[in-house]
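J.: Sharing entry_31.csv below, CSV, C-alpha atoms:
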```csv
chain,number,residue,atom,x,y,z
A,231,MET,CA,12.0,-14.3,-3.1
A,232,GLN,CA,10.8,-10.7,-3.2
A,233,LEU,CA,7.9,-9.0,-1.3
A,234,ALA,CA,4.7,-7.8,-2.9
A,235,GLN,CA,2.4,-5.4,-1.2
A,236,LEU,CA,-1.0,-4.0,-1.7
A,237,ASN,CA,-2.1,-0.9,0.1
A,238,ILE,CA,-5.6,0.5,-0.2
A,239,SER,CA,-7.2,3.7,0.9
A,240,VAL,CA,-10.8,4.9,0.6
A,241,TRP,CA,-11.5,8.6,0.4
A,242,LYS,CA,-13.6,10.1,3.2
A,243,ILE,CA,-13.5,13.5,1.6
A,244,ASP,CA,-13.9,14.7,-2.0
A,245,ASP,CA,-10.7,14.1,-3.8
A,246,GLN,CA,-11.2,17.3,-5.7
A,247,SER,CA,-11.5,19.4,-2.6
A,248,GLU,CA,-8.9,21.8,-1.2
A,249,ALA,CA,-8.6,19.5,1.8
A,250,ALA,CA,-7.4,16.7,-0.4
A,251,ARG,CA,-4.7,18.8,-2.1
A,252,PRO,CA,-1.8,18.0,0.3
A,253,PHE,CA,-2.3,14.3,-0.6
A,254,VAL,CA,-3.2,14.7,-4.3
A,255,ASP,CA,-0.3,17.1,-4.9
A,256,ASN,CA,2.2,14.6,-3.5
A,257,VAL,CA,1.1,11.4,-5.3
A,258,ALA,CA,3.5,11.7,-8.2
A,259,ARG,CA,6.3,12.8,-5.8
A,260,MET,CA,5.8,9.8,-3.6
A,261,ASN,CA,5.7,7.4,-6.6
A,262,ALA,CA,8.9,8.9,-7.9
A,263,LEU,CA,10.5,8.6,-4.5
A,264,ALA,CA,9.5,4.9,-4.3
A,265,GLU,CA,10.9,4.2,-7.7
A,266,ARG,CA,14.2,5.7,-6.7
A,267,SER,CA,14.3,3.9,-3.4
A,268,PRO,CA,16.8,1.1,-2.7
A,269,GLY,CA,15.1,-2.2,-3.1
A,270,PHE,CA,12.2,-1.0,-5.3
A,271,VAL,CA,11.4,-3.5,-8.0
A,272,TRP,CA,8.1,-2.6,-9.7
A,273,ARG,CA,4.7,-1.0,-9.2
A,274,LEU,CA,1.4,-1.2,-11.0
A,275,LEU,CA,1.1,1.9,-13.2
A,276,ASP,CA,-2.5,1.3,-14.4
A,277,GLU,CA,-5.1,0.5,-11.8
A,278,GLY,CA,-7.2,-1.3,-14.4
A,279,ARG,CA,-10.3,0.8,-13.8
A,280,ASP,CA,-13.4,0.3,-15.9
A,281,ALA,CA,-15.6,3.1,-17.4
A,282,LYS,CA,-17.2,3.8,-14.1
A,283,GLY,CA,-13.9,4.1,-12.3
A,284,HIS,CA,-14.1,0.8,-10.5
A,285,ASN,CA,-11.1,-1.6,-10.1
A,286,ALA,CA,-10.9,-5.1,-8.7
A,287,ILE,CA,-10.4,-3.6,-5.2
A,288,GLY,CA,-13.2,-1.1,-5.0
A,289,GLY,CA,-15.0,1.9,-6.6
A,290,PRO,CA,-13.7,5.2,-7.8
A,291,GLU,CA,-13.2,6.4,-4.2
A,292,THR,CA,-10.7,3.5,-3.6
A,293,LEU,CA,-7.0,4.1,-4.2
A,294,MET,CA,-4.5,1.3,-4.3
A,295,THR,CA,-0.8,0.8,-4.6
A,296,LEU,CA,0.5,-2.6,-5.7
A,297,SER,CA,4.3,-2.9,-5.7
A,298,VAL,CA,7.2,-5.4,-5.4
A,299,TRP,CA,10.3,-4.8,-3.3
A,300,GLN,CA,13.5,-6.7,-2.8
A,301,SER,CA,12.7,-7.2,0.9
A,302,ALA,CA,10.5,-6.1,3.8
A,303,ALA,CA,13.4,-4.0,5.1
A,304,HIS,CA,13.5,-2.0,1.8
A,305,LEU,CA,9.7,-1.4,1.9
A,306,GLU,CA,9.8,-0.5,5.6
A,307,ALA,CA,12.7,2.0,5.0
A,308,PHE,CA,10.7,3.7,2.2
A,309,ALA,CA,7.5,3.8,4.2
A,310,PHE,CA,8.8,5.0,7.5
A,311,ASN,CA,12.3,6.5,6.9
A,312,THR,CA,11.5,8.9,4.0
A,313,VAL,CA,9.2,11.9,3.5
A,314,HIS,CA,6.6,9.3,2.7
A,315,ARG,CA,6.1,9.0,6.4
A,316,ARG,CA,4.9,12.6,6.7
A,317,ILE,CA,2.1,11.9,4.2
A,318,TYR,CA,1.3,8.5,5.8
A,319,GLU,CA,0.9,10.2,9.2
A,320,ARG,CA,-1.8,12.5,7.8
A,321,LYS,CA,-3.9,9.7,6.2
A,322,ALA,CA,-6.7,10.1,8.7
A,323,GLU,CA,-7.3,13.6,7.3
A,324,TRP,CA,-8.2,12.2,3.9
A,325,PHE,CA,-9.1,8.5,4.2
A,326,ALA,CA,-11.7,6.4,6.0
A,327,GLN,CA,-10.7,4.1,8.8
A,328,LEU,CA,-11.3,0.7,7.3
A,329,GLN,CA,-12.9,-2.1,9.3
A,330,SER,CA,-10.6,-4.5,7.4
A,331,HIS,CA,-6.9,-4.6,6.6
A,332,HIS,CA,-5.7,-1.8,4.3
A,333,LEU,CA,-2.3,-3.4,3.7
A,334,VAL,CA,-1.3,-7.0,2.7
A,335,MET,CA,2.1,-8.4,1.9
A,336,TRP,CA,3.2,-11.8,0.5
A,337,HIS,CA,6.4,-13.3,-0.9
A,338,VAL,CA,6.7,-13.7,-4.7
A,339,PRO,CA,9.3,-15.3,-6.8
A,340,ASP,CA,11.9,-13.0,-8.3
A,341,GLY,CA,10.5,-11.4,-11.5
A,342,HIS,CA,6.9,-12.1,-10.6
A,343,ARG,CA,4.5,-9.2,-11.2
A,344,PRO,CA,1.3,-9.7,-9.2
A,345,THR,CA,-2.1,-8.9,-10.7
A,346,VAL,CA,-4.8,-6.9,-9.0
A,347,ALA,CA,-6.9,-10.1,-8.8
A,348,GLU,CA,-4.0,-11.9,-7.1
A,349,ALA,CA,-3.6,-9.0,-4.6
A,350,ARG,CA,-7.3,-9.0,-3.9
A,351,GLN,CA,-7.1,-12.7,-3.1
A,352,ARG,CA,-4.3,-12.1,-0.7
A,353,LEU,CA,-6.2,-9.2,1.0
A,354,ASP,CA,-9.3,-11.3,1.3
A,355,HIS,CA,-7.3,-14.2,2.8
A,356,LEU,CA,-5.7,-11.8,5.4
A,357,ASN,CA,-9.1,-10.4,6.3
A,358,ALA,CA,-10.5,-13.9,6.7
A,359,TYR,CA,-7.7,-15.7,8.5
A,360,GLY,CA,-5.3,-13.1,9.8
A,361,SER,CA,-1.5,-13.2,9.1
A,362,THR,CA,-0.3,-16.4,7.6
A,363,ASP,CA,2.6,-17.2,5.2
A,364,PHE,CA,0.1,-16.8,2.3
A,365,ALA,CA,-0.9,-13.2,3.2
A,366,PHE,CA,0.4,-11.1,6.1
A,367,ASP,CA,0.8,-7.6,7.6
A,368,TRP,CA,3.8,-6.1,9.4
A,369,SER,CA,3.1,-8.1,12.6
A,370,HIS,CA,4.1,-11.3,10.7
A,371,LEU,CA,7.6,-10.0,10.1
A,372,PRO,CA,9.6,-10.0,13.3
A,373,GLU,CA,12.5,-8.2,11.7
A,374,ALA,CA,10.2,-5.2,10.9
A,375,THR,CA,10.2,-2.7,13.7
A,376,LEU,CA,9.8,0.7,12.2
A,377,TRP,CA,6.0,0.3,11.9
A,378,GLN,CA,5.8,-0.4,15.6
A,379,HIS,CA,7.7,2.7,16.5
A,380,LYS,CA,5.4,4.7,14.3
A,381,ARG,CA,2.3,3.4,16.1
A,382,GLN,CA,3.7,4.4,19.5
A,383,HIS,CA,3.9,8.1,18.5
```
Rewrite the coordinates I just gave you, this time as structure tokens.

T.:
Amino acid sequence: MQLAQLNISVWKIDDQSEAARPFVDNVARMNALAERSPGFVWRLLDEGRDAKGHNAIGGPETLMTLSVWQSAAHLEAFAFNTVHRRIYERKAEWFAQLQSHHLVMWHVPDGHRPTVAEARQRLDHLNAYGSTDFAFDWSHLPEATLWQHKRQH
């Protein structure tokens, strides 16, 4: 089994503004870093937006990353032990604090590539029922500890 993850963010500022540049200017760099990272399997390259900029997760102000990793340890190492962490730590400058989960993970069979609709179903399940084997966050993974250390600082 591998680990799928969906991470969403909703702009709270204009994504064309100077204030957004530190994030926007690093998107390609972070994606390339993920793709080179140990344990990376796949990521969705096309968000499937319609003519108005909407995708299955939200409107044009909603960003999403849908990816698959060999394990939670690989995803956690990328998220919290690389330069990605510095961008992540600044997310409050650019993105709204959501009233619901912004991250959902679930196990997938090797070779499976989740769809945006599947990811949305998992996110909705997590928001409705909390962490379960069907859809979960970091707290559901006792072996994952780096995210807890990040919260304490």

J.: Neighbouring residues of Leu333 in chain A were defined as those with any atom within 7 Å, considering all atoms listed in the file; residues of the same chain fewer than 2 positions away were excluded. Please report them as JSON, numbers by chain.

T.: {"A": [236, 237, 238, 331, 335, 367]}

J.: Under the rule that only C-alpha atoms are counted, which of A:Leu353, A:Met260, A:Ala302, A:Leu328 is the nearest residue to Gln232 in chain A?

T.: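 Counting only C-alpha atoms, the residue closest to Gln232 in chain A is A:Ala302.
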
J.: Given the choices A:Phe366, A:Leu263, A:Asp255, A:Glu373, which gets closest to Ala309 in chain A if the distance is worked out from only C-alpha atoms?

T.: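 Under the stated criterion, the closest residue is A:Leu263.
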
J.: Skipping near chain neighbours, those fewer than 2 positions away, what residues fall within 12 Å of Ser361 in chain A using only C-alpha atoms, listed as a list in words?

T.: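 My list of contacting residues is His331, Leu333, Val334, Met335, Trp336, Arg352, Leu353, Asp354, His355, Leu356, Asn357, Ala358, Tyr359, Asp363, Phe364, Ala365, Phe366, Asp367, Trp368, Ser369, His370 and Leu371 of chain A.
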
J.: Using all atoms listed in the file, find the one residue out of A:Asn256, A:Gln235, A:Pro268, A:Arg315 that sits nearest to Arg350 in chain A.

T.: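 The shortest atom-to-atom distance to Arg350 in chain A comes from A:Gln235.
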
J.: Provide the CA of Val338 in chain A to CA of Leu296 in chain A distance in Å, to one decimal place.

T.: 12.8 Å

J.: Can you work out the spacing between CA of Thr292 in chain A and CA of His332 in chain A in Å, to one decimal?

T.: 10.7 Å

J.: With distances taken over only C-alpha atoms, which of A:Tyr318, A:Trp272, A:Phe310, A:Phe325 is nearest to Gly341 in chain A?

T.: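 Using only C-alpha atoms, the shortest distance to Gly341 in chain A belongs to A:Trp272.
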
J.: Given the choices A:Leu233, A:Pro372, A:Gly269, A:Asp244, which gets closest to Pro290 in chain A if the distance is worked out from all atoms listed in the file?

T.: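 Nearest candidate to Pro290 in chain A out of A:Leu233, A:Pro372, A:Gly269, A:Asp244: A:Asp244.
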
J.: Figure out the distance between CA of Pro252 in chain A and CA of Glu319 in chain A, please, to one decimal in Å.

T.: 12.1 Å

J.: Considering all atoms listed in the file, state which residue in the set A:Asn311, A:Thr295, A:Ser239, A:Thr362 is at the smallest distance from Val346 in chain A.

T.: A:Thr295

J.: Find the residues with any atom within 7 Å of (-11.9, 9.1, -0.4); use all atoms listed in the file and the coordinates as given in the file, and write the answer as a ChimeraX atom specification.

T.: /A:240-245,291-292,324-326

J.: What's the 7 Å shell around Trp299 in chain A, counting all atoms listed in the file, without same-chain residues fewer than 2 positions away, as a ChimeraX atom specification?

T.: /A:232-234,269-271,297,301,304-305

J.: Some atoms are absent from range 339-364 of chain A, so rebuild N, CA and C atoms and return them as a PDB file, keeping the file's coordinate frame.

T.:
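The new file out_19.pdb reads:
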```
ATOM      1  N   PRO A 339       8.067 -14.979  -6.193  1.00  0.00           N
ATOM      2  CA  PRO A 339       9.300 -15.300  -6.800  1.00  0.00           C
ATOM      3  C   PRO A 339       9.950 -14.110  -7.514  1.00  0.00           C
ATOM      4  N   ASP A 340      11.254 -14.049  -7.554  1.00  0.00           N
ATOM      5  CA  ASP A 340      11.900 -13.000  -8.300  1.00  0.00           C
ATOM      6  C   ASP A 340      11.367 -12.877  -9.691  1.00  0.00           C
ATOM      7  N   GLY A 341      11.049 -11.665 -10.119  1.00  0.00           N
ATOM      8  CA  GLY A 341      10.500 -11.400 -11.500  1.00  0.00           C
ATOM      9  C   GLY A 341       9.036 -11.522 -11.599  1.00  0.00           C
ATOM     10  N   HIS A 342       8.332 -12.010 -10.571  1.00  0.00           N
ATOM     11  CA  HIS A 342       6.900 -12.100 -10.600  1.00  0.00           C
ATOM     12  C   HIS A 342       6.248 -10.728 -10.467  1.00  0.00           C
ATOM     13  N   ARG A 343       5.247 -10.421 -11.277  1.00  0.00           N
ATOM     14  CA  ARG A 343       4.500  -9.200 -11.200  1.00  0.00           C
ATOM     15  C   ARG A 343       3.064  -9.521 -10.833  1.00  0.00           C
ATOM     16  N   PRO A 344       2.644  -9.284  -9.608  1.00  0.00           N
ATOM     17  CA  PRO A 344       1.300  -9.700  -9.200  1.00  0.00           C
ATOM     18  C   PRO A 344       0.215  -8.884  -9.927  1.00  0.00           C
ATOM     19  N   THR A 345      -0.909  -9.533 -10.120  1.00  0.00           N
ATOM     20  CA  THR A 345      -2.100  -8.900 -10.700  1.00  0.00           C
ATOM     21  C   THR A 345      -2.936  -8.302  -9.593  1.00  0.00           C
ATOM     22  N   VAL A 346      -3.861  -7.433  -9.972  1.00  0.00           N
ATOM     23  CA  VAL A 346      -4.800  -6.900  -9.000  1.00  0.00           C
ATOM     24  C   VAL A 346      -5.662  -8.009  -8.429  1.00  0.00           C
ATOM     25  N   ALA A 347      -6.065  -8.955  -9.264  1.00  0.00           N
ATOM     26  CA  ALA A 347      -6.900 -10.100  -8.800  1.00  0.00           C
ATOM     27  C   ALA A 347      -6.102 -10.909  -7.760  1.00  0.00           C
ATOM     28  N   GLU A 348      -4.835 -11.134  -8.010  1.00  0.00           N
ATOM     29  CA  GLU A 348      -4.000 -11.900  -7.100  1.00  0.00           C
ATOM     30  C   GLU A 348      -3.907 -11.098  -5.734  1.00  0.00           C
ATOM     31  N   ALA A 349      -3.701  -9.797  -5.827  1.00  0.00           N
ATOM     32  CA  ALA A 349      -3.600  -9.000  -4.600  1.00  0.00           C
ATOM     33  C   ALA A 349      -4.913  -8.999  -3.850  1.00  0.00           C
ATOM     34  N   ARG A 350      -6.029  -8.946  -4.563  1.00  0.00           N
ATOM     35  CA  ARG A 350      -7.300  -9.000  -3.900  1.00  0.00           C
ATOM     36  C   ARG A 350      -7.514 -10.326  -3.165  1.00  0.00           C
ATOM     37  N   GLN A 351      -7.065 -11.416  -3.777  1.00  0.00           N
ATOM     38  CA  GLN A 351      -7.100 -12.700  -3.100  1.00  0.00           C
ATOM     39  C   GLN A 351      -6.329 -12.734  -1.837  1.00  0.00           C
ATOM     40  N   ARG A 352      -5.159 -12.144  -1.864  1.00  0.00           N
ATOM     41  CA  ARG A 352      -4.300 -12.100  -0.700  1.00  0.00           C
ATOM     42  C   ARG A 352      -4.947 -11.224   0.417  1.00  0.00           C
ATOM     43  N   LEU A 353      -5.520 -10.090   0.026  1.00  0.00           N
ATOM     44  CA  LEU A 353      -6.200  -9.200   1.000  1.00  0.00           C
ATOM     45  C   LEU A 353      -7.382  -9.925   1.612  1.00  0.00           C
ATOM     46  N   ASP A 354      -8.178 -10.582   0.800  1.00  0.00           N
ATOM     47  CA  ASP A 354      -9.300 -11.300   1.300  1.00  0.00           C
ATOM     48  C   ASP A 354      -8.889 -12.414   2.285  1.00  0.00           C
ATOM     49  N   HIS A 355      -7.800 -13.100   1.967  1.00  0.00           N
ATOM     50  CA  HIS A 355      -7.300 -14.200   2.800  1.00  0.00           C
ATOM     51  C   HIS A 355      -6.836 -13.561   4.185  1.00  0.00           C
ATOM     52  N   LEU A 356      -6.120 -12.450   4.142  1.00  0.00           N
ATOM     53  CA  LEU A 356      -5.700 -11.800   5.400  1.00  0.00           C
ATOM     54  C   LEU A 356      -6.881 -11.388   6.223  1.00  0.00           C
ATOM     55  N   ASN A 357      -7.898 -10.832   5.593  1.00  0.00           N
ATOM     56  CA  ASN A 357      -9.100 -10.400   6.300  1.00  0.00           C
ATOM     57  C   ASN A 357      -9.827 -11.601   6.936  1.00  0.00           C
ATOM     58  N   ALA A 358      -9.818 -12.729   6.253  1.00  0.00           N
ATOM     59  CA  ALA A 358     -10.500 -13.900   6.700  1.00  0.00           C
ATOM     60  C   ALA A 358      -9.771 -14.692   7.796  1.00  0.00           C
ATOM     61  N   TYR A 359      -8.463 -14.802   7.643  1.00  0.00           N
ATOM     62  CA  TYR A 359      -7.700 -15.700   8.500  1.00  0.00           C
ATOM     63  C   TYR A 359      -6.580 -15.063   9.304  1.00  0.00           C
ATOM     64  N   GLY A 360      -6.368 -13.788   9.132  1.00  0.00           N
ATOM     65  CA  GLY A 360      -5.300 -13.100   9.800  1.00  0.00           C
ATOM     66  C   GLY A 360      -3.947 -13.444   9.100  1.00  0.00           C
ATOM     67  N   SER A 361      -2.864 -13.006   9.698  1.00  0.00           N
ATOM     68  CA  SER A 361      -1.500 -13.200   9.100  1.00  0.00           C
ATOM     69  C   SER A 361      -1.135 -14.639   9.017  1.00  0.00           C
ATOM     70  N   THR A 362      -0.786 -15.059   7.818  1.00  0.00           N
ATOM     71  CA  THR A 362      -0.300 -16.400   7.600  1.00  0.00           C
ATOM     72  C   THR A 362       0.884 -16.230   6.569  1.00  0.00           C
ATOM     73  N   ASP A 363       1.543 -17.301   6.229  1.00  0.00           N
ATOM     74  CA  ASP A 363       2.600 -17.200   5.200  1.00  0.00           C
ATOM     75  C   ASP A 363       2.039 -16.819   3.849  1.00  0.00           C
ATOM     76  N   PHE A 364       0.746 -17.064   3.624  1.00  0.00           N
ATOM     77  CA  PHE A 364       0.100 -16.800   2.300  1.00  0.00           C
ATOM     78  C   PHE A 364      -0.160 -15.268   2.175  1.00  0.00           C
TER      79      PHE A 364
END
```
